[in-house]
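Q: Got a file for you: structure.txt, compact mmCIF, N, CA, C and O atoms.
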```txt
# COMPACT_ATOMS: atom_id res chain seq x y z
N PHE A 28 7.25 -57.42 0.98
CA PHE A 28 7.75 -57.43 -0.38
C PHE A 28 8.99 -58.30 -0.46
O PHE A 28 9.81 -58.30 0.45
N GLU A 29 9.12 -59.01 -1.54
CA GLU A 29 10.31 -59.81 -1.80
C GLU A 29 11.16 -59.05 -2.81
O GLU A 29 10.65 -58.55 -3.81
N ILE A 30 12.45 -58.98 -2.55
CA ILE A 30 13.38 -58.26 -3.42
C ILE A 30 14.26 -59.29 -4.11
O ILE A 30 14.84 -60.16 -3.45
N GLU A 31 14.33 -59.19 -5.42
CA GLU A 31 15.16 -60.12 -6.19
C GLU A 31 16.19 -59.34 -7.00
O GLU A 31 15.94 -58.21 -7.41
N ARG A 32 17.35 -59.98 -7.22
CA ARG A 32 18.41 -59.34 -7.99
C ARG A 32 18.95 -60.31 -9.04
O ARG A 32 19.04 -61.51 -8.80
N SER A 33 19.30 -59.75 -10.18
CA SER A 33 20.00 -60.48 -11.22
C SER A 33 21.38 -59.85 -11.38
O SER A 33 21.49 -58.63 -11.52
N ASP A 34 22.42 -60.65 -11.35
CA ASP A 34 23.78 -60.16 -11.53
C ASP A 34 24.24 -60.43 -12.95
O ASP A 34 24.35 -61.58 -13.36
N ASN A 35 24.47 -59.36 -13.69
CA ASN A 35 25.00 -59.46 -15.06
C ASN A 35 24.17 -60.39 -15.95
O ASN A 35 24.70 -61.17 -16.72
N GLY A 36 22.86 -60.33 -15.82
CA GLY A 36 21.97 -61.10 -16.69
C GLY A 36 21.67 -62.51 -16.23
O GLY A 36 20.95 -63.24 -16.91
N ALA A 37 22.20 -62.92 -15.08
CA ALA A 37 21.91 -64.25 -14.55
C ALA A 37 20.45 -64.30 -14.08
O ALA A 37 19.80 -63.26 -13.95
N PRO A 38 19.92 -65.49 -13.83
CA PRO A 38 18.55 -65.57 -13.32
C PRO A 38 18.40 -64.79 -12.01
O PRO A 38 19.36 -64.67 -11.23
N PHE A 39 17.20 -64.27 -11.76
CA PHE A 39 16.93 -63.53 -10.53
C PHE A 39 16.92 -64.49 -9.35
O PHE A 39 16.50 -65.64 -9.46
N SER A 40 17.38 -63.98 -8.20
CA SER A 40 17.28 -64.73 -6.95
C SER A 40 16.91 -63.75 -5.84
O SER A 40 17.24 -62.57 -5.90
N MET A 41 16.23 -64.26 -4.82
CA MET A 41 15.78 -63.40 -3.73
C MET A 41 16.97 -62.98 -2.88
O MET A 41 17.79 -63.81 -2.50
N VAL A 42 17.05 -61.67 -2.60
CA VAL A 42 18.15 -61.13 -1.81
C VAL A 42 17.66 -60.40 -0.56
O VAL A 42 18.46 -59.95 0.25
N GLY A 43 16.35 -60.25 -0.40
CA GLY A 43 15.85 -59.57 0.77
C GLY A 43 14.34 -59.51 0.82
O GLY A 43 13.66 -59.83 -0.16
N GLU A 44 13.84 -59.09 1.97
CA GLU A 44 12.41 -58.88 2.19
C GLU A 44 12.23 -57.62 3.02
O GLU A 44 13.09 -57.29 3.85
N VAL A 45 11.15 -56.91 2.78
CA VAL A 45 10.79 -55.74 3.58
C VAL A 45 9.30 -55.79 3.87
O VAL A 45 8.54 -56.44 3.18
N GLY A 46 8.90 -55.08 4.93
CA GLY A 46 7.51 -55.04 5.33
C GLY A 46 6.67 -54.14 4.45
O GLY A 46 7.19 -53.46 3.56
N PRO A 47 5.36 -54.09 4.70
CA PRO A 47 4.44 -53.36 3.83
C PRO A 47 4.62 -51.85 3.80
O PRO A 47 4.24 -51.22 2.82
N ASN A 48 5.21 -51.26 4.83
CA ASN A 48 5.38 -49.81 4.84
C ASN A 48 6.81 -49.38 4.57
O ASN A 48 7.15 -48.21 4.75
N ALA A 49 7.65 -50.28 4.12
CA ALA A 49 9.06 -49.96 3.87
C ALA A 49 9.19 -49.01 2.68
O ALA A 49 8.48 -49.14 1.69
N THR A 50 10.10 -48.09 2.80
CA THR A 50 10.42 -47.18 1.68
C THR A 50 11.89 -47.26 1.30
O THR A 50 12.30 -46.66 0.33
N THR A 51 12.69 -48.02 2.07
CA THR A 51 14.11 -48.18 1.74
C THR A 51 14.53 -49.62 2.00
O THR A 51 13.89 -50.36 2.74
N TRP A 52 15.63 -49.98 1.38
CA TRP A 52 16.26 -51.26 1.60
C TRP A 52 17.74 -51.08 1.31
O TRP A 52 18.09 -50.43 0.32
N ILE A 53 18.59 -51.60 2.15
CA ILE A 53 20.04 -51.48 1.94
C ILE A 53 20.58 -52.85 1.56
O ILE A 53 20.36 -53.84 2.27
N GLU A 54 21.28 -52.89 0.45
CA GLU A 54 21.91 -54.13 -0.02
C GLU A 54 22.84 -54.62 1.09
O GLU A 54 23.72 -53.89 1.53
N PRO A 55 22.64 -55.85 1.60
CA PRO A 55 23.39 -56.30 2.77
C PRO A 55 24.85 -56.67 2.51
O PRO A 55 25.65 -56.65 3.42
N ALA A 56 25.19 -56.98 1.30
CA ALA A 56 26.55 -57.44 1.01
C ALA A 56 27.23 -56.49 0.03
O ALA A 56 26.56 -55.89 -0.82
N PRO A 57 28.54 -56.37 0.12
CA PRO A 57 29.24 -55.56 -0.89
C PRO A 57 29.01 -56.16 -2.27
O PRO A 57 28.97 -57.38 -2.43
N LEU A 58 28.81 -55.30 -3.24
CA LEU A 58 28.53 -55.76 -4.59
C LEU A 58 29.80 -55.76 -5.43
O LEU A 58 30.65 -54.89 -5.29
N THR A 59 29.90 -56.72 -6.31
CA THR A 59 31.02 -56.80 -7.22
C THR A 59 30.75 -55.94 -8.45
O THR A 59 29.63 -55.46 -8.64
N LEU A 60 31.76 -55.76 -9.27
CA LEU A 60 31.60 -54.99 -10.50
C LEU A 60 30.56 -55.60 -11.40
O LEU A 60 30.38 -56.81 -11.43
N GLY A 61 29.86 -54.76 -12.15
CA GLY A 61 28.90 -55.27 -13.12
C GLY A 61 27.53 -54.65 -12.99
O GLY A 61 27.32 -53.72 -12.21
N THR A 62 26.61 -55.19 -13.76
CA THR A 62 25.23 -54.69 -13.78
C THR A 62 24.37 -55.50 -12.83
O THR A 62 24.35 -56.73 -12.90
N LYS A 63 23.67 -54.79 -11.96
CA LYS A 63 22.73 -55.42 -11.02
C LYS A 63 21.34 -54.95 -11.40
O LYS A 63 21.09 -53.75 -11.53
N THR A 64 20.42 -55.88 -11.57
CA THR A 64 19.05 -55.55 -11.92
C THR A 64 18.15 -56.07 -10.80
O THR A 64 18.31 -57.21 -10.35
N TYR A 65 17.23 -55.22 -10.35
CA TYR A 65 16.36 -55.54 -9.22
C TYR A 65 14.90 -55.55 -9.66
O TYR A 65 14.51 -54.83 -10.59
N ARG A 66 14.11 -56.35 -8.96
CA ARG A 66 12.66 -56.32 -9.10
C ARG A 66 12.06 -56.70 -7.75
O ARG A 66 12.73 -57.31 -6.91
N VAL A 67 10.81 -56.34 -7.54
CA VAL A 67 10.12 -56.66 -6.29
C VAL A 67 8.73 -57.18 -6.59
O VAL A 67 8.19 -56.96 -7.68
N ARG A 68 8.17 -57.85 -5.61
CA ARG A 68 6.77 -58.25 -5.68
C ARG A 68 6.22 -58.34 -4.27
O ARG A 68 6.95 -58.59 -3.31
N ALA A 69 4.94 -58.12 -4.17
CA ALA A 69 4.27 -58.26 -2.88
C ALA A 69 4.04 -59.75 -2.61
O ALA A 69 3.78 -60.52 -3.54
N ALA A 70 4.15 -60.13 -1.35
CA ALA A 70 3.94 -61.53 -0.97
C ALA A 70 3.22 -61.58 0.37
O ALA A 70 3.46 -60.75 1.24
N LEU A 71 2.32 -62.55 0.49
CA LEU A 71 1.54 -62.71 1.72
C LEU A 71 1.29 -64.20 1.93
O LEU A 71 0.89 -64.90 1.01
N VAL A 72 1.50 -64.67 3.16
CA VAL A 72 1.17 -66.05 3.51
C VAL A 72 -0.14 -66.02 4.26
O VAL A 72 -0.29 -65.32 5.26
N VAL A 73 -1.12 -66.77 3.76
CA VAL A 73 -2.43 -66.86 4.40
C VAL A 73 -2.28 -67.73 5.65
O VAL A 73 -1.91 -68.91 5.54
N PRO A 74 -2.54 -67.17 6.84
CA PRO A 74 -2.31 -67.93 8.09
C PRO A 74 -3.05 -69.26 8.17
O PRO A 74 -2.50 -70.25 8.62
N GLU A 75 -4.30 -69.28 7.73
CA GLU A 75 -5.12 -70.49 7.88
C GLU A 75 -4.62 -71.65 7.02
O GLU A 75 -4.75 -72.81 7.40
N THR A 76 -4.10 -71.35 5.85
CA THR A 76 -3.71 -72.41 4.92
C THR A 76 -2.22 -72.48 4.64
O THR A 76 -1.76 -73.42 4.01
N GLN A 77 -1.48 -71.45 5.07
CA GLN A 77 -0.05 -71.31 4.77
C GLN A 77 0.23 -71.17 3.27
O GLN A 77 1.34 -71.35 2.81
N GLU A 78 -0.84 -70.86 2.52
CA GLU A 78 -0.68 -70.62 1.09
C GLU A 78 0.00 -69.27 0.89
O GLU A 78 -0.35 -68.29 1.52
N LYS A 79 0.97 -69.24 -0.02
CA LYS A 79 1.68 -67.99 -0.31
C LYS A 79 1.07 -67.34 -1.54
O LYS A 79 1.01 -67.95 -2.61
N LEU A 80 0.61 -66.11 -1.36
CA LEU A 80 0.05 -65.34 -2.46
C LEU A 80 1.06 -64.29 -2.87
O LEU A 80 1.67 -63.64 -2.01
N VAL A 81 1.29 -64.12 -4.17
CA VAL A 81 2.27 -63.15 -4.65
C VAL A 81 1.67 -62.32 -5.78
O VAL A 81 0.81 -62.78 -6.53
N SER A 82 2.14 -61.09 -5.89
CA SER A 82 1.72 -60.21 -6.98
C SER A 82 2.61 -60.47 -8.20
O SER A 82 3.57 -61.24 -8.15
N GLU A 83 2.28 -59.77 -9.27
CA GLU A 83 3.18 -59.76 -10.42
C GLU A 83 4.46 -59.03 -10.01
O GLU A 83 4.46 -58.24 -9.07
N TYR A 84 5.54 -59.25 -10.73
CA TYR A 84 6.78 -58.54 -10.45
C TYR A 84 6.67 -57.09 -10.91
O TYR A 84 5.94 -56.78 -11.86
N SER A 85 7.40 -56.23 -10.22
CA SER A 85 7.48 -54.82 -10.62
C SER A 85 8.29 -54.70 -11.91
O SER A 85 8.89 -55.69 -12.38
N ASN A 86 8.33 -53.51 -12.46
CA ASN A 86 9.31 -53.23 -13.50
C ASN A 86 10.68 -53.39 -12.86
O ASN A 86 10.82 -53.36 -11.64
N THR A 87 11.69 -53.54 -13.68
CA THR A 87 13.04 -53.70 -13.15
C THR A 87 13.76 -52.35 -13.08
O THR A 87 13.40 -51.40 -13.78
N ALA A 88 14.76 -52.30 -12.21
CA ALA A 88 15.64 -51.14 -12.08
C ALA A 88 17.06 -51.68 -12.08
O ALA A 88 17.36 -52.63 -11.37
N SER A 89 17.92 -51.10 -12.91
CA SER A 89 19.29 -51.58 -13.02
C SER A 89 20.29 -50.50 -12.65
O SER A 89 20.01 -49.31 -12.80
N ILE A 90 21.43 -50.96 -12.19
CA ILE A 90 22.53 -50.05 -11.88
C ILE A 90 23.83 -50.76 -12.25
O ILE A 90 23.94 -51.98 -12.12
N ILE A 91 24.79 -49.99 -12.76
CA ILE A 91 26.09 -50.54 -13.13
C ILE A 91 27.09 -50.09 -12.07
O ILE A 91 27.24 -48.90 -11.82
N PHE A 92 27.78 -51.07 -11.46
CA PHE A 92 28.77 -50.78 -10.43
C PHE A 92 30.16 -50.82 -11.03
O PHE A 92 30.54 -51.81 -11.66
N GLY A 93 30.92 -49.75 -10.81
CA GLY A 93 32.30 -49.71 -11.26
C GLY A 93 33.27 -49.92 -10.11
O GLY A 93 34.43 -50.17 -10.32
N VAL A 94 32.77 -49.80 -8.89
CA VAL A 94 33.57 -50.04 -7.69
C VAL A 94 32.68 -50.75 -6.68
O VAL A 94 31.46 -50.69 -6.77
N ARG A 95 33.27 -51.37 -5.69
CA ARG A 95 32.48 -52.02 -4.63
C ARG A 95 31.76 -50.96 -3.84
O ARG A 95 32.34 -49.96 -3.44
N SER A 96 30.49 -51.15 -3.61
CA SER A 96 29.70 -50.18 -2.87
C SER A 96 28.44 -50.82 -2.35
O SER A 96 28.15 -51.97 -2.65
N SER A 97 27.68 -50.05 -1.58
CA SER A 97 26.37 -50.50 -1.11
C SER A 97 25.31 -49.72 -1.84
O SER A 97 25.55 -48.60 -2.31
N LEU A 98 24.13 -50.25 -1.92
CA LEU A 98 23.05 -49.64 -2.68
C LEU A 98 21.87 -49.37 -1.76
O LEU A 98 21.43 -50.24 -1.03
N VAL A 99 21.36 -48.16 -1.82
CA VAL A 99 20.15 -47.81 -1.08
C VAL A 99 19.03 -47.68 -2.11
O VAL A 99 19.14 -46.92 -3.06
N MET A 100 17.96 -48.43 -1.92
CA MET A 100 16.89 -48.51 -2.92
C MET A 100 15.72 -47.58 -2.61
O MET A 100 14.61 -47.82 -3.03
N ALA A 101 15.93 -46.49 -1.89
CA ALA A 101 14.83 -45.62 -1.47
C ALA A 101 13.98 -45.12 -2.63
O ALA A 101 12.76 -45.27 -2.60
N PRO A 102 14.54 -44.49 -3.66
CA PRO A 102 13.68 -43.97 -4.74
C PRO A 102 12.88 -45.07 -5.43
O PRO A 102 11.71 -44.90 -5.76
N PHE A 103 13.48 -46.24 -5.63
CA PHE A 103 12.82 -47.35 -6.30
C PHE A 103 11.61 -47.82 -5.49
O PHE A 103 10.52 -47.98 -6.01
N PHE A 104 11.78 -48.02 -4.18
CA PHE A 104 10.69 -48.51 -3.35
C PHE A 104 9.60 -47.48 -3.15
O PHE A 104 8.44 -47.80 -3.07
N THR A 105 9.99 -46.21 -3.05
CA THR A 105 8.98 -45.16 -2.92
C THR A 105 8.09 -45.14 -4.16
O THR A 105 6.87 -45.10 -4.06
N SER A 106 8.69 -45.23 -5.33
CA SER A 106 7.91 -45.26 -6.57
C SER A 106 7.05 -46.51 -6.65
O SER A 106 5.89 -46.46 -7.05
N PHE A 107 7.62 -47.67 -6.26
CA PHE A 107 6.87 -48.91 -6.32
C PHE A 107 5.69 -48.88 -5.35
O PHE A 107 4.59 -49.31 -5.68
N ALA A 108 5.91 -48.35 -4.14
CA ALA A 108 4.84 -48.28 -3.15
C ALA A 108 3.69 -47.39 -3.66
O ALA A 108 2.52 -47.72 -3.49
N ARG A 109 4.03 -46.28 -4.29
CA ARG A 109 2.99 -45.41 -4.87
C ARG A 109 2.22 -46.12 -5.98
O ARG A 109 1.02 -46.04 -6.07
N MET A 110 2.96 -46.86 -6.83
CA MET A 110 2.31 -47.58 -7.92
C MET A 110 1.37 -48.65 -7.35
O MET A 110 0.25 -48.79 -7.80
N LEU A 111 1.83 -49.39 -6.34
CA LEU A 111 1.01 -50.44 -5.76
C LEU A 111 -0.22 -49.84 -5.09
O LEU A 111 -1.33 -50.34 -5.25
N ALA A 112 -0.06 -48.75 -4.37
CA ALA A 112 -1.19 -48.10 -3.69
C ALA A 112 -2.22 -47.62 -4.69
O ALA A 112 -3.42 -47.77 -4.49
N SER A 113 -1.77 -47.06 -5.81
CA SER A 113 -2.71 -46.54 -6.79
C SER A 113 -3.44 -47.67 -7.53
O SER A 113 -4.57 -47.50 -7.96
N SER A 114 -2.81 -48.83 -7.62
CA SER A 114 -3.46 -49.93 -8.35
C SER A 114 -4.41 -50.70 -7.45
O SER A 114 -5.26 -51.45 -7.94
N THR A 115 -4.28 -50.55 -6.12
CA THR A 115 -5.18 -51.27 -5.21
C THR A 115 -6.23 -50.39 -4.59
O THR A 115 -7.11 -50.86 -3.91
N GLY A 116 -6.16 -49.08 -4.81
CA GLY A 116 -7.13 -48.21 -4.15
C GLY A 116 -7.73 -47.31 -5.12
O GLY A 116 -8.67 -46.81 -5.39
```
Take the structure in the file and write it out as structure tokens.
A:
Amino acid sequence: FEIERSDNGAPFSMVGEVGPNATTWIEPAPLTLGTKTYRVRAALVVPETQEKLVSEYSNTASIIFGVRSSLVMAPFFTSFARMLASSTG
């Protein structure tokens, strides 16, 4: 999965990746004040062609930071993993 973040309404940029069975992700850098919005999508590189296949983006999840802190995305990824599993099986 590719994890993207938007800071205070700026365009999204990739901030991390997790494997297919991940249920948590820890924001690697201290966050500044403001609103952080996250989204994820599944991504796979086909070995034979090196073509990158990606899913649609997830719904977004936002959090407002009033102090510098780290973010654990466990509930968000658990919900996303369940949604993805139910849509593919």
Q: For segment 76-92 of chain A, list every protein, DNA or RNA residue within 5 Å, evaluated using all atoms listed in the file, and leave out those in the same chain fewer than 5 positions away; present the list as an MDAnalysis selection string.
A: chainID A and resid 59:71
Q: Name all residues at most 6 Å from Arg32 of chain A (count all atoms listed in the file; drop same-chain ones fewer than 2 positions away) and give them as a list in words.
A: Ile30, Asp34, Ala37, Pro38, Phe39, Ser40, Met41, Val42, Thr64, Tyr65 and Arg66 of chain A
Q: Record the distance separating atom CA of Pro74 of chain A and atom CA of Ala49 of chain A, expressed in Å with one decimal.
A: 21.7 Å
Q: Measure the distance from atom C of Glu31 of chain A to atom N of Gly43 of chain A in Å and round it to one decimal.
A: 6.7 Å
Q: Report the distance between atom N of Thr50 of chain A and atom N of Phe28 of chain A in Å, rounded to one decimal place.
A: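 Taking atom N of Thr50 of chain A and atom N of Phe28 of chain A, their separation equals 9.9 Å.
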Q: How about completing segment 63-74 of chain A with all heavy atoms and giving it to me as a tab-separated table (two decimals), keeping the file's coordinate frame?
A:
```tsv
chain	number	residue	atom	x	y	z
A	63	LYS	N	23.67	-54.79	-11.96
A	63	LYS	CA	22.73	-55.42	-11.02
A	63	LYS	C	21.34	-54.95	-11.40
A	63	LYS	O	21.09	-53.75	-11.53
A	63	LYS	CB	23.02	-55.02	-9.58
A	63	LYS	CG	24.47	-55.12	-9.16
A	63	LYS	CD	25.03	-56.50	-9.34
A	63	LYS	CE	26.51	-56.51	-8.95
A	63	LYS	NZ	27.17	-57.72	-9.35
A	64	THR	N	20.42	-55.88	-11.57
A	64	THR	CA	19.05	-55.55	-11.92
A	64	THR	C	18.15	-56.07	-10.80
A	64	THR	O	18.31	-57.21	-10.35
A	64	THR	CB	18.65	-56.19	-13.27
A	64	THR	OG1	19.57	-55.73	-14.27
A	64	THR	CG2	17.24	-55.82	-13.67
A	65	TYR	N	17.23	-55.22	-10.35
A	65	TYR	CA	16.36	-55.54	-9.22
A	65	TYR	C	14.90	-55.55	-9.66
A	65	TYR	O	14.51	-54.83	-10.59
A	65	TYR	CB	16.53	-54.51	-8.10
A	65	TYR	CG	17.89	-54.54	-7.48
A	65	TYR	CD1	18.94	-53.84	-8.05
A	65	TYR	CD2	18.12	-55.29	-6.33
A	65	TYR	CE1	20.21	-53.87	-7.47
A	65	TYR	CE2	19.38	-55.32	-5.75
A	65	TYR	CZ	20.42	-54.61	-6.34
A	65	TYR	OH	21.66	-54.65	-5.77
A	66	ARG	N	14.11	-56.35	-8.96
A	66	ARG	CA	12.66	-56.32	-9.10
A	66	ARG	C	12.06	-56.70	-7.75
A	66	ARG	O	12.73	-57.31	-6.91
A	66	ARG	CB	12.17	-57.26	-10.21
A	66	ARG	CG	12.39	-58.74	-9.90
A	66	ARG	CD	12.00	-59.61	-11.08
A	66	ARG	NE	12.14	-61.03	-10.75
A	66	ARG	CZ	11.95	-62.00	-11.62
A	66	ARG	NH1	11.62	-61.71	-12.86
A	66	ARG	NH2	12.08	-63.25	-11.25
A	67	VAL	N	10.81	-56.34	-7.54
A	67	VAL	CA	10.12	-56.66	-6.29
A	67	VAL	C	8.73	-57.18	-6.59
A	67	VAL	O	8.19	-56.96	-7.68
A	67	VAL	CB	10.05	-55.45	-5.33
A	67	VAL	CG1	11.43	-54.99	-4.93
A	67	VAL	CG2	9.27	-54.32	-5.94
A	68	ARG	N	8.17	-57.85	-5.61
A	68	ARG	CA	6.77	-58.25	-5.68
A	68	ARG	C	6.22	-58.34	-4.27
A	68	ARG	O	6.95	-58.59	-3.31
A	68	ARG	CB	6.58	-59.58	-6.42
A	68	ARG	CG	7.12	-60.78	-5.69
A	68	ARG	CD	6.87	-62.04	-6.49
A	68	ARG	NE	7.44	-63.21	-5.83
A	68	ARG	CZ	7.35	-64.42	-6.31
A	68	ARG	NH1	6.72	-64.65	-7.44
A	68	ARG	NH2	7.89	-65.44	-5.66
A	69	ALA	N	4.94	-58.12	-4.17
A	69	ALA	CA	4.27	-58.26	-2.88
A	69	ALA	C	4.04	-59.75	-2.61
A	69	ALA	O	3.78	-60.52	-3.54
A	69	ALA	CB	2.94	-57.52	-2.90
A	70	ALA	N	4.15	-60.13	-1.35
A	70	ALA	CA	3.94	-61.53	-0.97
A	70	ALA	C	3.22	-61.58	0.37
A	70	ALA	O	3.46	-60.75	1.24
A	70	ALA	CB	5.27	-62.26	-0.88
A	71	LEU	N	2.32	-62.55	0.49
A	71	LEU	CA	1.54	-62.71	1.72
A	71	LEU	C	1.29	-64.20	1.93
A	71	LEU	O	0.89	-64.90	1.01
A	71	LEU	CB	0.20	-61.97	1.58
A	71	LEU	CG	-0.82	-62.20	2.67
A	71	LEU	CD1	-0.38	-61.52	3.96
A	71	LEU	CD2	-2.19	-61.70	2.25
A	72	VAL	N	1.50	-64.67	3.16
A	72	VAL	CA	1.17	-66.05	3.51
A	72	VAL	C	-0.14	-66.02	4.26
A	72	VAL	O	-0.29	-65.32	5.26
A	72	VAL	CB	2.28	-66.69	4.36
A	72	VAL	CG1	1.86	-68.08	4.82
A	72	VAL	CG2	3.58	-66.75	3.59
A	73	VAL	N	-1.12	-66.77	3.76
A	73	VAL	CA	-2.43	-66.86	4.40
A	73	VAL	C	-2.28	-67.73	5.65
A	73	VAL	O	-1.91	-68.91	5.54
A	73	VAL	CB	-3.47	-67.47	3.44
A	73	VAL	CG1	-4.81	-67.60	4.12
A	73	VAL	CG2	-3.56	-66.65	2.16
A	74	PRO	N	-2.54	-67.17	6.84
A	74	PRO	CA	-2.31	-67.93	8.09
A	74	PRO	C	-3.05	-69.26	8.17
A	74	PRO	O	-2.50	-70.25	8.62
A	74	PRO	CB	-2.78	-66.98	9.19
A	74	PRO	CG	-2.70	-65.62	8.58
A	74	PRO	CD	-3.01	-65.81	7.12
```
